[in-house]
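Below is structure34.txt, which holds compact mmCIF, C-alpha atoms and all ligand atoms.
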# COMPACT_ATOMS: atom_id res chain seq x y z
CA MET A 1 2.11 36.44 35.98
CA TYR A 2 0.81 34.12 33.27
CA GLU A 3 -1.16 30.95 32.76
CA ARG A 4 -0.22 28.25 30.28
CA MET A 5 -3.26 27.35 28.17
CA PHE A 6 -2.95 24.60 25.57
CA GLY A 7 0.77 25.23 25.51
CA VAL A 8 0.47 29.00 25.11
CA ASP A 9 1.24 31.58 27.83
CA VAL A 10 -1.54 34.06 28.56
CA THR A 11 -1.08 36.89 31.07
CA THR A 12 -3.15 36.98 34.27
CA GLU A 13 -2.35 40.69 34.81
CA SER A 14 -4.95 43.44 34.46
CA SER A 15 -4.70 45.75 31.45
CA ASP A 16 -3.49 48.58 33.75
CA ASP A 17 -0.66 46.42 35.12
CA THR A 18 0.21 45.26 31.61
CA ILE A 19 0.45 48.87 30.39
CA ARG A 20 2.61 49.80 33.40
CA ARG A 21 4.91 46.84 32.74
CA ILE A 22 5.26 47.64 29.02
CA PHE A 23 6.20 51.30 29.65
CA SER A 24 8.63 50.42 32.41
CA ARG A 25 10.29 47.90 30.06
CA HIS A 26 10.45 50.66 27.44
CA GLN A 27 12.17 52.98 29.93
CA ASN A 28 14.71 50.22 30.61
CA ASP A 29 15.30 49.73 26.87
CA GLU A 30 13.74 46.28 26.94
CA LYS A 31 11.70 45.27 23.91
CA SER A 32 8.14 43.99 24.34
CA PHE A 33 6.10 42.01 21.85
CA ILE A 34 2.38 41.82 22.53
CA VAL A 35 0.13 39.25 20.94
CA ALA A 36 -3.63 38.84 21.38
CA ILE A 37 -4.54 35.25 22.17
CA ASN A 38 -8.05 34.40 21.02
CA PRO A 39 -9.79 30.99 21.21
CA GLU A 40 -9.24 30.43 17.48
CA LYS A 41 -5.45 30.85 17.84
CA LEU A 42 -5.44 28.63 20.93
CA MET A 43 -7.32 25.84 19.15
CA LYS A 44 -5.12 26.08 16.05
CA SER A 45 -1.92 26.07 18.09
CA ARG A 46 -2.86 22.72 19.70
CA LYS A 47 -2.17 21.02 16.38
CA ASP A 48 0.31 23.49 14.99
CA PRO A 49 3.62 23.56 16.91
CA GLU A 50 4.95 26.27 14.60
CA LEU A 51 2.09 28.61 15.52
CA ARG A 52 2.56 27.72 19.20
CA GLU A 53 6.22 28.68 18.93
CA ILE A 54 5.31 32.00 17.28
CA LEU A 55 2.78 32.84 19.99
CA ASN A 56 5.25 31.94 22.73
CA LYS A 57 7.86 34.31 21.30
CA ALA A 58 5.63 37.13 22.57
CA THR A 59 6.59 38.91 25.78
CA ILE A 60 2.91 39.28 26.70
CA GLY A 61 -0.04 37.22 25.47
CA ILE A 62 -3.29 39.03 26.24
CA PRO A 63 -6.59 37.15 26.77
CA ASP A 64 -8.60 38.26 23.74
CA GLY A 65 -11.96 36.57 23.96
CA ILE A 66 -14.63 35.29 26.34
CA GLY A 67 -13.64 31.75 25.32
CA VAL A 68 -10.17 32.25 26.85
CA LEU A 69 -11.72 33.44 30.14
CA LEU A 70 -14.11 30.50 30.16
CA ALA A 71 -11.35 27.98 29.50
CA SER A 72 -9.26 29.53 32.30
CA ARG A 73 -12.18 29.35 34.74
CA LEU A 74 -12.87 25.69 33.85
CA ARG A 75 -9.23 24.85 34.49
CA GLY A 76 -9.26 26.65 37.85
CA GLY A 77 -7.20 29.52 36.45
CA ASN A 78 -7.15 33.23 37.24
CA ILE A 79 -7.85 35.04 33.99
CA ARG A 80 -10.97 37.10 34.64
CA ALA A 81 -10.86 40.13 32.37
CA ARG A 82 -10.82 40.15 28.62
CA ILE A 83 -8.30 42.43 26.90
CA THR A 84 -8.87 42.67 23.15
CA GLY A 85 -6.18 43.69 20.69
CA VAL A 86 -8.19 46.86 19.95
CA ASP A 87 -8.42 47.69 23.70
CA MET A 88 -4.69 47.16 24.17
CA MET A 89 -3.84 49.35 21.16
CA GLU A 90 -6.13 52.08 22.52
CA LEU A 91 -4.58 51.89 26.01
CA LEU A 92 -1.07 51.99 24.52
CA CYS A 93 -1.98 55.08 22.46
CA LYS A 94 -3.48 56.79 25.53
CA GLU A 95 -0.32 56.19 27.61
CA ALA A 96 1.93 57.00 24.62
CA GLY A 97 0.22 60.41 24.44
CA ILE A 98 0.76 61.00 28.18
CA GLN A 99 4.41 59.91 28.09
CA SER A 100 5.20 61.43 24.66
CA VAL A 101 6.26 58.14 23.09
CA PRO A 102 5.78 58.25 19.29
CA VAL A 103 3.82 55.46 17.58
CA PHE A 104 3.82 54.03 14.04
CA LEU A 105 0.93 52.26 12.30
CA TYR A 106 1.96 49.69 9.68
CA GLY A 107 -0.56 47.54 7.81
CA ALA A 108 -4.07 47.34 6.32
CA LYS A 109 -5.25 48.63 2.93
CA PRO A 110 -3.88 51.92 1.54
CA GLY A 111 -5.34 54.90 3.43
CA VAL A 112 -6.65 52.88 6.39
CA ALA A 113 -3.64 53.32 8.73
CA ALA A 114 -3.56 57.09 8.06
CA LYS A 115 -7.30 57.38 8.77
CA ALA A 116 -6.95 55.29 11.94
CA ALA A 117 -4.04 57.52 13.04
CA HIS A 118 -6.12 60.63 12.40
CA ASN A 119 -9.01 59.29 14.52
CA LEU A 120 -6.67 58.19 17.34
CA GLN A 121 -5.09 61.66 17.40
CA ALA A 122 -8.56 63.18 17.70
CA GLN A 123 -9.20 60.88 20.68
CA PHE A 124 -5.78 61.44 22.29
CA PRO A 125 -4.66 64.98 21.35
CA ASN A 126 -1.12 64.49 22.72
CA LEU A 127 -0.52 61.33 20.71
CA GLN A 128 2.47 61.63 18.35
CA VAL A 129 2.04 59.53 15.24
CA ALA A 130 5.52 59.23 13.74
CA GLY A 131 4.23 57.63 10.55
CA THR A 132 1.93 55.20 8.80
CA LEU A 133 2.45 52.66 6.03
CA ASP A 134 -0.06 50.40 4.29
CA GLY A 135 0.27 46.63 4.47
CA TYR A 136 0.82 46.05 0.76
CA VAL A 137 4.30 47.58 0.43
CA LYS A 138 6.57 44.71 -0.57
CA ASP A 139 10.11 45.89 0.12
CA GLU A 140 10.85 44.89 3.71
CA GLU A 141 14.13 46.82 3.85
CA GLU A 142 12.27 49.96 2.80
CA ILE A 143 9.63 49.32 5.48
CA ILE A 144 12.30 48.94 8.17
CA THR A 145 14.13 52.09 7.07
CA THR A 146 10.89 54.08 7.04
CA ILE A 147 9.96 52.94 10.56
CA ASN A 148 13.47 53.53 11.94
CA ASN A 149 13.73 56.98 10.35
CA SER A 150 10.37 57.97 11.86
CA GLY A 151 11.70 57.74 15.42
CA ALA A 152 8.69 55.67 16.55
CA LYS A 153 9.07 53.62 19.73
CA ILE A 154 5.74 51.77 19.55
CA LEU A 155 4.85 49.84 16.41
CA PHE A 156 1.40 48.45 15.62
CA VAL A 157 1.43 45.83 12.84
CA ALA A 158 -1.86 44.98 11.12
CA LEU A 159 -1.13 42.28 8.53
CA GLY A 160 -3.33 39.48 9.88
CA SER A 161 -2.13 36.48 11.86
CA PRO A 162 0.47 34.94 11.72
CA THR A 163 1.99 37.25 9.05
CA GLN A 164 2.18 40.17 11.49
CA GLU A 165 3.76 38.05 14.25
CA ASN A 166 6.31 36.67 11.79
CA PHE A 167 7.13 40.19 10.59
CA ILE A 168 7.73 41.29 14.18
CA ILE A 169 9.84 38.25 15.12
CA ARG A 170 11.95 38.56 11.93
CA ASN A 171 12.61 42.29 12.37
CA MET A 172 12.49 43.01 16.10
CA ASP A 173 16.27 43.36 16.36
CA LYS A 174 16.55 45.51 13.23
CA LEU A 175 13.91 47.95 14.38
CA ASN A 176 14.74 50.76 16.74
CA VAL A 177 11.39 50.25 18.45
CA SER A 178 10.64 49.04 21.96
CA VAL A 179 6.97 48.01 21.84
CA PHE A 180 5.53 45.79 19.11
CA GLN A 181 1.90 44.73 18.86
CA GLY A 182 0.27 42.57 16.19
CA VAL A 183 -3.20 44.07 15.88
CA GLY A 184 -5.05 42.16 13.11
CA GLY A 185 -8.03 44.14 11.86
CA SER A 186 -7.74 46.94 14.48
CA PHE A 187 -6.83 49.70 12.00
CA ASP A 188 -10.05 48.89 10.14
CA VAL A 189 -11.92 49.41 13.44
CA PHE A 190 -10.19 52.71 14.31
CA SER A 191 -10.55 54.07 10.76
CA GLY A 192 -14.33 53.54 10.75
N1 LIG B 1 -3.49 42.89 5.45
C1 LIG B 1 -2.40 43.61 5.00
N2 LIG B 1 -1.54 43.05 4.10
C2 LIG B 1 -1.70 41.78 3.65
C3 LIG B 1 -2.82 41.03 4.13
C4 LIG B 1 -3.69 41.62 5.04
O1 LIG B 1 -2.20 44.75 5.42
O2 LIG B 1 -0.88 41.32 2.83
C5 LIG B 1 -4.39 43.54 6.42
C6 LIG B 1 -5.85 43.61 6.02
O3 LIG B 1 -6.07 44.70 5.17
C7 LIG B 1 -6.52 43.75 7.39
C8 LIG B 1 -5.59 42.99 8.32
O4 LIG B 1 -4.38 42.79 7.61
O5 LIG B 1 -6.57 45.11 7.76
C9 LIG B 1 -6.08 41.59 8.70
O6 LIG B 1 -7.16 41.67 9.49
P1 LIG B 1 -7.88 40.36 10.04
O7 LIG B 1 -9.04 40.83 10.82
O8 LIG B 1 -8.08 39.37 8.95
O9 LIG B 1 -6.75 39.83 11.02
P2 LIG B 1 -6.67 38.41 11.73
O10 LIG B 1 -7.99 38.27 12.43
O11 LIG B 1 -6.43 37.41 10.65
O12 LIG B 1 -5.53 38.55 12.68
Starting from the coordinates I provided, produce the structure as structure tokens.
Amino acid sequence: MYERMFGVDVTTESSDDTIRRIFSRHQNDEKSFIVAINPEKLMKSRKDPELREILNKATIGIPDGIGVLLASRLRGGNIRARITGVDMMELLCKEAGIQSVPVFLYGAKPGVAAKAAHNLQAQFPNLQVAGTLDGYVKDEEEIITTINNSGAKILFVALGSPTQENFIIRNMDKLNVSVFQGVGGSFDVFSG
């Protein structure tokens, strides 16, 4: 299921299996927290137990980077396919469209999340975007209320690492959402 690399768990599943697992957890009302593990985060976490703890709070760590694959191969591990945060977000949106599960985009500079949402809806016409919010709103209670009132079940958080992971960990129980993904600069990619 996963491989422990420098103290951090990284999934050995394919992206298809990961998507299947996330949606079946959603159907069973189990929350999932997805974090992209890149070589930079792995190296930092070796000397930073706090970061290691944050990364290990995730339900699924995806192998984001050739360096992670290489390290796995050198250690005799099984991780063979890279899954970037952008890829995972795209796959989640595709399946969310098929299964009619509404998504919310929170983070990045004003206007970026809305533009990214617009482009994703053009790519996946059945995708329901319940709402967007930029990453510079300060009132956390207001953010939580907005997301909960939207009815979204999948939340993408683009605040940079580890701010986005900390936001998710702090608020997972308060949010009426089942799938959480910290996506770094992905909204900037989708809005372009
Ligand atoms: N960001 C934000 N609020 C903040 C700081 C950053 O919304 O207070 C956004 C920023 O606009 C960018 C993303 O977080 O869209 C960070 O992207 P980056 O590629 O730096 O992520 P990292 O690689 O650090 O995870």
Between CA of Lys47 in chain A and CA of Lys31 in chain A, what is the spacing in Å?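 Those two atoms sit 28.9 Å apart.
Using only C-alpha atoms, the nearest neighbour of Ser45 in chain A within the list A:Leu120, A:Leu175, A:Ala81, A:Met5 is A:Met5.
Minimum atom-to-atom distances from A:Gly131, A:Gly97, A:Gly185, A:Gly77 to ligand LIG 1 (chain B) were compared using only C-alpha atoms and all ligand atoms, and the lowest value belongs to A:Gly185.
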List every residue of chain A that has an atom at most 6 Å from any atom of ligand LIG 1 (chain B), giving for each one its closest atom pair and the distance in Å to one decimal, counting all atoms listed in the file, sorted by chain and then by ascending residue number, as CSV.
residue,atom,partner,partner_atom,distance
A:Gly107,CA,B:LIG1,O1,4.0
A:Ala108,CA,B:LIG1,O1,3.3
A:Lys109,CA,B:LIG1,O3,4.6
A:Gly135,CA,B:LIG1,O1,3.2
A:Tyr136,CA,B:LIG1,N2,5.1
A:Ala158,CA,B:LIG1,O4,4.8
A:Leu159,CA,B:LIG1,O4,3.4
A:Gly160,CA,B:LIG1,O9,3.6
A:Ser161,CA,B:LIG1,O12,4.1
A:Gly184,CA,B:LIG1,O9,3.6
A:Gly185,CA,B:LIG1,O6,3.5
A:Asp188,CA,B:LIG1,O5,5.7
Box centre and edge lengths (Å, one decimal), axis-aligned, range 114-132 of chain A plus 8 Å each side, as lines of an AutoDock Vina configuration file:
center_x = -1.8
center_y = 60.1
center_z = 15.4
size_x = 30.7
size_y = 25.8
size_z = 30.7
From CA of Gln128 in chain A to CA of Asn176 in chain A the spacing works out at 16.5 Å
Measuring atom to atom with all atoms listed in the file, identify which of A:Ala117, A:Ile54, A:Leu42, A:Leu69 is nearest to Ile83 in chain A.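 Residue with the minimum atom-to-atom distance to Ile83 in chain A: A:Leu69.
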Your completed range 73-90 of chain A with N, CA and C atoms, as an mmCIF file, in the coordinates of the input:
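Result file out02.cif:
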data_model
loop_
_atom_site.group_PDB
_atom_site.id
_atom_site.type_symbol
_atom_site.label_atom_id
_atom_site.label_comp_id
_atom_site.auth_asym_id
_atom_site.auth_seq_id
_atom_site.Cartn_x
_atom_site.Cartn_y
_atom_site.Cartn_z
ATOM 1 N N ARG A 73 -11.312 29.618 33.593
ATOM 2 C CA ARG A 73 -12.180 29.350 34.740
ATOM 3 C C ARG A 73 -12.380 27.840 34.910
ATOM 4 N N LEU A 74 -12.631 27.149 33.800
ATOM 5 C CA LEU A 74 -12.870 25.690 33.850
ATOM 6 C C LEU A 74 -11.642 24.944 34.353
ATOM 7 N N ARG A 75 -10.462 25.500 34.053
ATOM 8 C CA ARG A 75 -9.230 24.850 34.490
ATOM 9 C C ARG A 75 -8.780 25.320 35.872
ATOM 10 N N GLY A 76 -9.611 26.148 36.527
ATOM 11 C CA GLY A 76 -9.260 26.650 37.850
ATOM 12 C C GLY A 76 -8.240 27.777 37.785
ATOM 13 N N GLY A 77 -8.169 28.436 36.636
ATOM 14 C CA GLY A 77 -7.200 29.520 36.450
ATOM 15 C C GLY A 77 -7.703 30.867 36.927
ATOM 16 N N ASN A 78 -6.896 31.903 36.662
ATOM 17 C CA ASN A 78 -7.150 33.230 37.240
ATOM 18 C C ASN A 78 -7.480 34.324 36.236
ATOM 19 N N ILE A 79 -7.617 33.978 34.965
ATOM 20 C CA ILE A 79 -7.850 35.040 33.990
ATOM 21 C C ILE A 79 -9.328 35.434 34.042
ATOM 22 N N ARG A 80 -9.588 36.675 34.423
ATOM 23 C CA ARG A 80 -10.970 37.100 34.640
ATOM 24 C C ARG A 80 -11.419 38.235 33.706
ATOM 25 N N ALA A 81 -10.464 39.002 33.194
ATOM 26 C CA ALA A 81 -10.860 40.130 32.370
ATOM 27 C C ALA A 81 -10.332 39.976 30.956
ATOM 28 N N ARG A 82 -11.208 40.234 30.012
ATOM 29 C CA ARG A 82 -10.820 40.150 28.620
ATOM 30 C C ARG A 82 -10.062 41.424 28.226
ATOM 31 N N ILE A 83 -8.996 41.265 27.463
ATOM 32 C CA ILE A 83 -8.300 42.430 26.900
ATOM 33 C C ILE A 83 -8.199 42.160 25.393
ATOM 34 N N THR A 84 -8.941 42.898 24.602
ATOM 35 C CA THR A 84 -8.870 42.670 23.150
ATOM 36 C C THR A 84 -7.656 43.396 22.581
ATOM 37 N N GLY A 85 -7.280 43.013 21.369
ATOM 38 C CA GLY A 85 -6.180 43.690 20.690
ATOM 39 C C GLY A 85 -6.493 45.167 20.493
ATOM 40 N N VAL A 86 -7.758 45.468 20.155
ATOM 41 C CA VAL A 86 -8.190 46.860 19.950
ATOM 42 C C VAL A 86 -8.066 47.633 21.263
ATOM 43 N N ASP A 87 -8.527 47.022 22.378
ATOM 44 C CA ASP A 87 -8.420 47.690 23.700
ATOM 45 C C ASP A 87 -6.967 47.987 24.031
ATOM 46 N N MET A 88 -6.102 47.000 23.815
ATOM 47 C CA MET A 88 -4.690 47.160 24.170
ATOM 48 C C MET A 88 -4.066 48.273 23.329
ATOM 49 N N MET A 89 -4.384 48.306 22.036
ATOM 50 C CA MET A 89 -3.840 49.350 21.160
ATOM 51 C C MET A 89 -4.303 50.731 21.648
ATOM 52 N N GLU A 90 -5.577 50.818 22.033
ATOM 53 C CA GLU A 90 -6.130 52.080 22.520
ATOM 54 C C GLU A 90 -5.435 52.519 23.820
#
